[in-house]
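> Right, I'll just put the structure down here and ask away after.
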Amino acid sequence: MAVTAEQILDALKIVQDPDLHRDIVSLGFVQNIEIDQGDVKFDVVLTTPACPVKDSLQDQARRVVKALPGVEGVNVNMTFNVASGKKSPAGQLIPQVKNVIAVASGKGGVGKSTVSTNLAAALAQTGATVGLMDADIYGPNIPLMMGIKKKPDLYGNDDAKIVPVERYGIKLMSIGFFIGEDDQAMIWRGPMVHGAINQFLRDVDWGALDYLVVDLPPGTGDAPLSLSQLVPISGIVIVTTPQDVALQDVVKGIAMWEKLDVPIIGVIENMSYFVCPHCGEPTEIFGRGGGDRVSAKYNIPLLGRVPLDARIRTSGDEGRPIVLSEPESPLAIAFVQTAAQMAARVSTMAMNEEEEPPVAVAPQPLRFFGKLRGD
């Protein structure tokens, strides 16, 4: 007797998503079941291509269906449809962007931009559509770290929109693309910073994105406040180093985001340890356990630990993130695993989020870095 679709779905109900704590059938992940005599084919549609348990779910699904009487072959196609965090209100500035993930830190010097570029690159490698927005108006490092050496042409056929630069499959935008010289200082007051960030959102043709990673400046100033007012943020990733002086500032940053009612995705401990290239002995230069203490105190996940290594710095200076320049290295793997944990957390938060009323759209501000063509 040939197996039926109902039998297949019943069998798959024992396959549980470990983050959502529900089976893949009730979550709606199982789709497009096809039965050809003894051969069975179906899709498992995940909420992120960076799912860290994707292979495990595929193996479990194949195994339970293969055990059914009459089944000879099983083809489980793992695909994705990224879940949207923070429901987008009508008329929002970037309605085609599913998730805005802001990367923040309480203080400078913790490698936040390095983390941002590598997270974006890791997500893009999974097949997700990704943008990277440099919201650090005073110190824009993304152009250098993504290998943009010349000022790009930012205007296409549509005079009403700025065209983001594409590099390594990632759409990029930075104030660094607009300033005349690399050593030019941005001496701007808060309203001008707010206006620039608004224009990055309103006037840039981001298109449809699964993730827009926003590299915020350190601290609790104008840029993070502006971003939280302008668009619904799926969540914040906090970057820290293990030592106490960095953790003091992390605490302040977390307190700010809680007041703004922006969820915390998790914390990343950068420069966690140094591995001697000669003896292989790890040394915790900046102390130990800082990320763990933040995670425990605020009940937020520790998404990953990234070691201190000169190759990460070199790859950033050369404009090719370590995830791309040395993809098989332990350094790249650390970023890839961290990005997967981050994406899984974003999906979990989105799936568990209750419907919220639309937020008001901020009024249109003035533009501050030049007129668009056709104005």
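Here's how to read the names in the structure tokens: chain A, B, ... by the order shown, residue numbers from 1 in each chain, ligand numbers from 1 in the order shown.
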Using the chain letters and numbers from this document, which residues of range 92-216 of chain A does DSSP assign to alpha helix (DSSP H), as number ranges by chain?

A: 112-125, 142-145, 190-202

> Which polymer residues have any atom within 6 Å of an atom of Val239 in chain A, counting only C-alpha atoms, with same-chain residues fewer than 3 positions away left out, as a compact mmCIF listing (two decimals) with N, CA and C atoms, in the first residue's frame?


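Dumped everything to result.txt:
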# COMPACT_ATOMS: atom_id res chain seq x y z
N SER A 105 27.54 48.90 20.55
CA SER A 105 28.50 48.67 21.63
C SER A 105 28.43 49.84 22.58
N VAL A 267 24.49 38.93 22.89
CA VAL A 267 25.78 39.59 23.05
C VAL A 267 26.86 38.75 22.36
N ILE A 268 27.80 39.44 21.75
CA ILE A 268 28.95 38.79 21.11
C ILE A 268 30.21 39.25 21.84

> So which bits of range 57-272 of chain A end up strand (DSSP E) when you DSSP the backbone, as a count of residues only?

43

> With only C-alpha atoms as the counted atoms, please give the residues lying no more than 10 Å from Asn81 in chain A, apart from itself and same-chain residues fewer than 2 positions off, as JSON, numbers by chain.

{"A": [29, 45, 46, 47, 48, 49, 79, 83, 84, 128, 210]}

> Next, write the just-selected residues to a file, as a PDB file, in the first residue's frame, keeping N, CA and C atoms as the atom set.


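Final output, part-v8.pdb:
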ATOM      1  N   PHE A  29       6.284  24.309   8.422  1.00  0.00           N
ATOM      2  CA  PHE A  29       7.543  24.186   7.680  1.00  0.00           C
ATOM      3  C   PHE A  29       7.445  23.156   6.549  1.00  0.00           C
ATOM      4  N   VAL A  45      10.522  24.373   4.839  1.00  0.00           N
ATOM      5  CA  VAL A  45      10.746  25.802   4.636  1.00  0.00           C
ATOM      6  C   VAL A  45      11.075  26.439   5.992  1.00  0.00           C
ATOM      7  N   LEU A  46      12.337  26.740   6.205  1.00  0.00           N
ATOM      8  CA  LEU A  46      12.794  27.309   7.468  1.00  0.00           C
ATOM      9  C   LEU A  46      12.604  28.821   7.473  1.00  0.00           C
ATOM     10  N   THR A  47      12.729  29.418   8.652  1.00  0.00           N
ATOM     11  CA  THR A  47      12.550  30.863   8.780  1.00  0.00           C
ATOM     12  C   THR A  47      13.852  31.633   8.594  1.00  0.00           C
ATOM     13  N   THR A  48      14.956  30.928   8.366  1.00  0.00           N
ATOM     14  CA  THR A  48      16.226  31.569   8.045  1.00  0.00           C
ATOM     15  C   THR A  48      17.129  30.558   7.355  1.00  0.00           C
ATOM     16  N   PRO A  49      17.883  30.966   6.336  1.00  0.00           N
ATOM     17  CA  PRO A  49      18.819  30.033   5.704  1.00  0.00           C
ATOM     18  C   PRO A  49      20.023  29.733   6.587  1.00  0.00           C
ATOM     19  N   THR A  79      14.710  24.595   2.311  1.00  0.00           N
ATOM     20  CA  THR A  79      14.664  25.944   1.747  1.00  0.00           C
ATOM     21  C   THR A  79      14.275  26.920   2.846  1.00  0.00           C
ATOM     22  N   ALA A  83      11.593  34.932   8.283  1.00  0.00           N
ATOM     23  CA  ALA A  83      10.517  35.532   9.073  1.00  0.00           C
ATOM     24  C   ALA A  83      10.828  36.990   9.348  1.00  0.00           C
ATOM     25  N   SER A  84       9.778  37.813   9.381  1.00  0.00           N
ATOM     26  CA  SER A  84       9.944  39.244   9.632  1.00  0.00           C
ATOM     27  C   SER A  84       9.768  39.549  11.110  1.00  0.00           C
ATOM     28  N   ALA A 128      20.806  34.422   1.873  1.00  0.00           N
ATOM     29  CA  ALA A 128      19.917  35.510   2.274  1.00  0.00           C
ATOM     30  C   ALA A 128      20.284  36.780   1.521  1.00  0.00           C
ATOM     31  N   ASP A 210      16.291  40.378   3.249  1.00  0.00           N
ATOM     32  CA  ASP A 210      15.981  39.554   4.415  1.00  0.00           C
ATOM     33  C   ASP A 210      16.526  40.206   5.685  1.00  0.00           C
TER      34      ASP A 210
END

> Hey, what's within 9 Å of range 241-250 of chain A if we count only C-alpha atoms and toss same-chain stuff fewer than 2 positions away? As a PDB file with N, CA and C atoms, in the first residue's frame, please?


ATOM      1  N   SER A 105      27.541  48.901  20.545  1.00  0.00           N
ATOM      2  CA  SER A 105      28.496  48.666  21.627  1.00  0.00           C
ATOM      3  C   SER A 105      28.427  49.838  22.580  1.00  0.00           C
ATOM      4  N   GLY A 106      28.769  49.585  23.825  1.00  0.00           N
ATOM      5  CA  GLY A 106      28.760  50.657  24.812  1.00  0.00           C
ATOM      6  C   GLY A 106      29.935  51.591  24.671  1.00  0.00           C
ATOM      7  N   LYS A 107      31.044  51.100  24.111  1.00  0.00           N
ATOM      8  CA  LYS A 107      32.253  51.907  23.963  1.00  0.00           C
ATOM      9  C   LYS A 107      32.923  51.574  22.648  1.00  0.00           C
ATOM     10  N   GLY A 108      33.829  52.448  22.236  1.00  0.00           N
ATOM     11  CA  GLY A 108      34.581  52.211  21.018  1.00  0.00           C
ATOM     12  C   GLY A 108      35.736  51.250  21.249  1.00  0.00           C
ATOM     13  N   VAL A 110      35.959  48.019  20.407  1.00  0.00           N
ATOM     14  CA  VAL A 110      35.668  46.612  20.683  1.00  0.00           C
ATOM     15  C   VAL A 110      35.504  45.800  19.391  1.00  0.00           C
ATOM     16  N   GLY A 111      35.737  46.425  18.243  1.00  0.00           N
ATOM     17  CA  GLY A 111      35.659  45.698  16.981  1.00  0.00           C
ATOM     18  C   GLY A 111      34.261  45.558  16.419  1.00  0.00           C
ATOM     19  N   GLY A 219      28.293  53.906  22.002  1.00  0.00           N
ATOM     20  CA  GLY A 219      27.637  54.791  22.954  1.00  0.00           C
ATOM     21  C   GLY A 219      26.134  54.850  22.784  1.00  0.00           C
ATOM     22  N   ILE A 238      24.734  43.244  20.843  1.00  0.00           N
ATOM     23  CA  ILE A 238      25.688  43.998  21.643  1.00  0.00           C
ATOM     24  C   ILE A 238      27.061  43.360  21.506  1.00  0.00           C
ATOM     25  N   VAL A 239      28.054  44.146  21.088  1.00  0.00           N
ATOM     26  CA  VAL A 239      29.432  43.668  20.975  1.00  0.00           C
ATOM     27  C   VAL A 239      30.225  44.176  22.168  1.00  0.00           C
ATOM     28  N   LYS A 252      25.124  50.148  30.290  1.00  0.00           N
ATOM     29  CA  LYS A 252      24.435  51.389  29.949  1.00  0.00           C
ATOM     30  C   LYS A 252      23.699  51.267  28.611  1.00  0.00           C
ATOM     31  N   GLY A 253      24.355  50.611  27.662  1.00  0.00           N
ATOM     32  CA  GLY A 253      23.724  50.432  26.358  1.00  0.00           C
ATOM     33  C   GLY A 253      22.471  49.582  26.444  1.00  0.00           C
ATOM     34  N   ILE A 254      22.542  48.501  27.204  1.00  0.00           N
ATOM     35  CA  ILE A 254      21.377  47.635  27.360  1.00  0.00           C
ATOM     36  C   ILE A 254      20.226  48.407  28.014  1.00  0.00           C
ATOM     37  N   ALA A 255      20.565  49.223  29.019  1.00  0.00           N
ATOM     38  CA  ALA A 255      19.531  50.017  29.693  1.00  0.00           C
ATOM     39  C   ALA A 255      18.849  50.972  28.713  1.00  0.00           C
ATOM     40  N   ILE A 268      27.798  39.440  21.748  1.00  0.00           N
ATOM     41  CA  ILE A 268      28.953  38.794  21.112  1.00  0.00           C
ATOM     42  C   ILE A 268      30.208  39.250  21.844  1.00  0.00           C
ATOM     43  N   GLU A 269      30.988  38.295  22.293  1.00  0.00           N
ATOM     44  CA  GLU A 269      32.243  38.617  22.974  1.00  0.00           C
ATOM     45  C   GLU A 269      33.372  38.594  21.939  1.00  0.00           C
ATOM     46  N   ASN A 270      33.842  39.764  21.554  1.00  0.00           N
ATOM     47  CA  ASN A 270      34.922  39.882  20.580  1.00  0.00           C
ATOM     48  C   ASN A 270      36.264  39.938  21.311  1.00  0.00           C
ATOM     49  N   MET A 271      37.336  39.585  20.594  1.00  0.00           N
ATOM     50  CA  MET A 271      38.684  39.543  21.181  1.00  0.00           C
ATOM     51  C   MET A 271      38.679  38.695  22.459  1.00  0.00           C
ATOM     52  N   SER A 272      37.972  37.591  22.378  1.00  0.00           N
ATOM     53  CA  SER A 272      37.732  36.771  23.559  1.00  0.00           C
ATOM     54  C   SER A 272      39.012  36.151  24.103  1.00  0.00           C
ATOM     55  N   TYR A 273      39.889  35.730  23.215  1.00  0.00           N
ATOM     56  CA  TYR A 273      41.158  35.114  23.633  1.00  0.00           C
ATOM     57  C   TYR A 273      42.117  35.158  22.447  1.00  0.00           C
ATOM     58  N   GLU A 284      43.953  34.640  27.558  1.00  0.00           N
ATOM     59  CA  GLU A 284      42.816  35.556  27.686  1.00  0.00           C
ATOM     60  C   GLU A 284      43.343  36.936  28.059  1.00  0.00           C
ATOM     61  N   ILE A 285      43.738  37.684  27.027  1.00  0.00           N
ATOM     62  CA  ILE A 285      44.424  38.965  27.217  1.00  0.00           C
ATOM     63  C   ILE A 285      43.539  39.972  27.936  1.00  0.00           C
ATOM     64  N   PHE A 286      42.269  40.010  27.596  1.00  0.00           N
ATOM     65  CA  PHE A 286      41.359  41.014  28.155  1.00  0.00           C
ATOM     66  C   PHE A 286      40.484  40.466  29.287  1.00  0.00           C
ATOM     67  N   GLY A 287      40.927  39.393  29.901  1.00  0.00           N
ATOM     68  CA  GLY A 287      40.138  38.823  30.987  1.00  0.00           C
ATOM     69  C   GLY A 287      39.264  37.693  30.499  1.00  0.00           C
ATOM     70  N   ARG A 288      38.337  37.289  31.344  1.00  0.00           N
ATOM     71  CA  ARG A 288      37.562  36.090  31.039  1.00  0.00           C
ATOM     72  C   ARG A 288      36.113  36.230  31.524  1.00  0.00           C
ATOM     73  N   GLY A 289      35.200  35.708  30.708  1.00  0.00           N
ATOM     74  CA  GLY A 289      33.823  35.541  31.150  1.00  0.00           C
ATOM     75  C   GLY A 289      32.947  36.768  31.095  1.00  0.00           C
ATOM     76  N   GLY A 290      33.396  37.840  30.435  1.00  0.00           N
ATOM     77  CA  GLY A 290      32.587  39.051  30.389  1.00  0.00           C
ATOM     78  C   GLY A 290      31.254  38.838  29.696  1.00  0.00           C
ATOM     79  N   GLY A 291      31.283  38.162  28.546  1.00  0.00           N
ATOM     80  CA  GLY A 291      30.055  37.884  27.826  1.00  0.00           C
ATOM     81  C   GLY A 291      29.113  37.009  28.627  1.00  0.00           C
ATOM     82  N   ASP A 292      29.669  36.039  29.340  1.00  0.00           N
ATOM     83  CA  ASP A 292      28.844  35.165  30.181  1.00  0.00           C
ATOM     84  C   ASP A 292      28.149  35.948  31.289  1.00  0.00           C
ATOM     85  N   ARG A 293      28.865  36.897  31.877  1.00  0.00           N
ATOM     86  CA  ARG A 293      28.274  37.670  32.979  1.00  0.00           C
ATOM     87  C   ARG A 293      27.127  38.543  32.480  1.00  0.00           C
ATOM     88  N   VAL A 294      27.307  39.159  31.317  1.00  0.00           N
ATOM     89  CA  VAL A 294      26.229  39.963  30.732  1.00  0.00           C
ATOM     90  C   VAL A 294      25.038  39.079  30.395  1.00  0.00           C
TER      91      VAL A 294
END

> Write out as a ChimeraX atom specification the residues lying within 10 Å of range 312-314 of chain A, counting only C-alpha atoms and excluding same-chain residues fewer than 2 positions away.

/A:111,114-115,118,145,306-310,316-323,325-326,331-332

> Mind dumping the selected residues with C-alpha atoms as a tab-separated table (two decimals), in the first residue's frame?


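After the write, part.tsv holds the following:
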chain	number	residue	atom	x	y	z
A	111	GLY	CA	35.66	45.70	16.98
A	114	THR	CA	34.59	44.17	12.09
A	115	VAL	CA	31.81	42.13	13.63
A	118	ASN	CA	31.60	39.61	8.97
A	145	MET	CA	36.50	47.22	5.45
A	306	VAL	CA	35.45	35.59	18.46
A	307	PRO	CA	39.20	35.27	19.11
A	308	LEU	CA	41.77	38.05	18.84
A	309	ASP	CA	43.86	37.45	15.74
A	310	ALA	CA	45.92	39.68	13.46
A	316	GLY	CA	39.48	44.29	7.38
A	317	ASP	CA	42.24	46.65	6.33
A	318	GLU	CA	42.46	44.92	2.96
A	319	GLY	CA	38.72	45.21	2.40
A	320	ARG	CA	37.78	41.53	2.44
A	321	PRO	CA	36.20	40.19	5.65
A	322	ILE	CA	37.81	37.08	7.13
A	323	VAL	CA	34.61	35.11	6.44
A	325	SER	CA	39.20	35.72	2.70
A	326	GLU	CA	39.80	32.60	4.83
A	331	LEU	CA	38.22	32.62	12.78
A	332	ALA	CA	35.73	32.57	9.91

> Which is closest to Met351 in chain A among A:Ser234, A:Ile33, A:Pro143, A:Gln229, if we use only C-alpha atoms?

A:Ser234

> For each of A:Leu260, A:Val251, A:Ile148, A:Asp203, take the minimum atom-to-atom distance to Lys297 in chain A, counting only C-alpha atoms, then give the residue where this is smallest.

A:Val251

> With a distance cut-off of 9 Å and only C-alpha atoms, select the neighbouring residues of Ser228 in chain A, excluding the residue or stretch itself and same-chain residues fewer than 5 positions from it, and output the selection as a PyMOL selection string.

chain A and resi 223+233+257+260-262

> Return the single residue from A:Pro301, A:Pro140, A:Gly147, A:Pro164 that is closest to Trp206 in chain A, with distances computed using only C-alpha atoms.

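Ranking A:Pro301, A:Pro140, A:Gly147, A:Pro164 by distance to Trp206 in chain A, first place goes to A:Pro164.
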
> Would you mind reading off the distance between CA of Ser116 in chain A and CA of Asp215 in chain A, one decimal, in Å?

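Going from CA of Ser116 in chain A over to CA of Asp215 in chain A covers 6.0 Å.
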
> Determine, counting only C-alpha atoms, which protein, DNA and RNA residues have an atom within 10 Å of an atom of Pro224 in chain A; residues of the same chain fewer than 2 positions away are not included. Present the result as a list of chain:residue names.

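Non-adjacent residues within range: A:Ala102, A:Val103, A:Ala104, A:Ala135, A:Asp136, A:His194, A:Ile197, A:Val214, A:Asp215, A:Leu216, A:Pro217, A:Pro218, A:Gly219, A:Thr220, A:Gly221, A:Asp222, A:Ser226, A:Leu227, A:Ser228, A:Gln229, A:Gly253, A:Met256, A:Trp257, A:Leu260.
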
> Atoms to include: C-alpha atoms. Write the selected residues as a PDB file, in the first residue's frame.


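The resulting file, result.pdb, is reproduced below:
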ATOM      1  CA  ALA A 102      21.529  46.876  14.699  1.00  0.00           C
ATOM      2  CA  VAL A 103      25.040  46.103  15.919  1.00  0.00           C
ATOM      3  CA  ALA A 104      25.908  48.291  18.905  1.00  0.00           C
ATOM      4  CA  ALA A 135      25.312  54.561  10.673  1.00  0.00           C
ATOM      5  CA  ASP A 136      28.572  55.747  12.213  1.00  0.00           C
ATOM      6  CA  HIS A 194      19.253  62.203  12.408  1.00  0.00           C
ATOM      7  CA  ILE A 197      20.155  58.347   8.880  1.00  0.00           C
ATOM      8  CA  VAL A 214      23.197  48.497  10.762  1.00  0.00           C
ATOM      9  CA  ASP A 215      26.629  49.321  12.138  1.00  0.00           C
ATOM     10  CA  LEU A 216      25.926  51.879  14.868  1.00  0.00           C
ATOM     11  CA  PRO A 217      28.478  54.223  16.430  1.00  0.00           C
ATOM     12  CA  PRO A 218      29.527  53.396  19.996  1.00  0.00           C
ATOM     13  CA  GLY A 219      27.637  54.791  22.954  1.00  0.00           C
ATOM     14  CA  THR A 220      24.083  55.971  23.499  1.00  0.00           C
ATOM     15  CA  GLY A 221      23.963  59.070  21.309  1.00  0.00           C
ATOM     16  CA  ASP A 222      21.959  60.426  18.399  1.00  0.00           C
ATOM     17  CA  SER A 226      17.261  58.113  15.554  1.00  0.00           C
ATOM     18  CA  LEU A 227      17.258  54.575  14.186  1.00  0.00           C
ATOM     19  CA  SER A 228      14.860  53.370  16.878  1.00  0.00           C
ATOM     20  CA  GLN A 229      12.495  56.247  16.105  1.00  0.00           C
ATOM     21  CA  GLY A 253      23.724  50.432  26.358  1.00  0.00           C
ATOM     22  CA  MET A 256      19.031  52.462  26.797  1.00  0.00           C
ATOM     23  CA  TRP A 257      17.604  49.829  24.448  1.00  0.00           C
ATOM     24  CA  LEU A 260      13.387  52.359  23.889  1.00  0.00           C
TER      25      LEU A 260
END
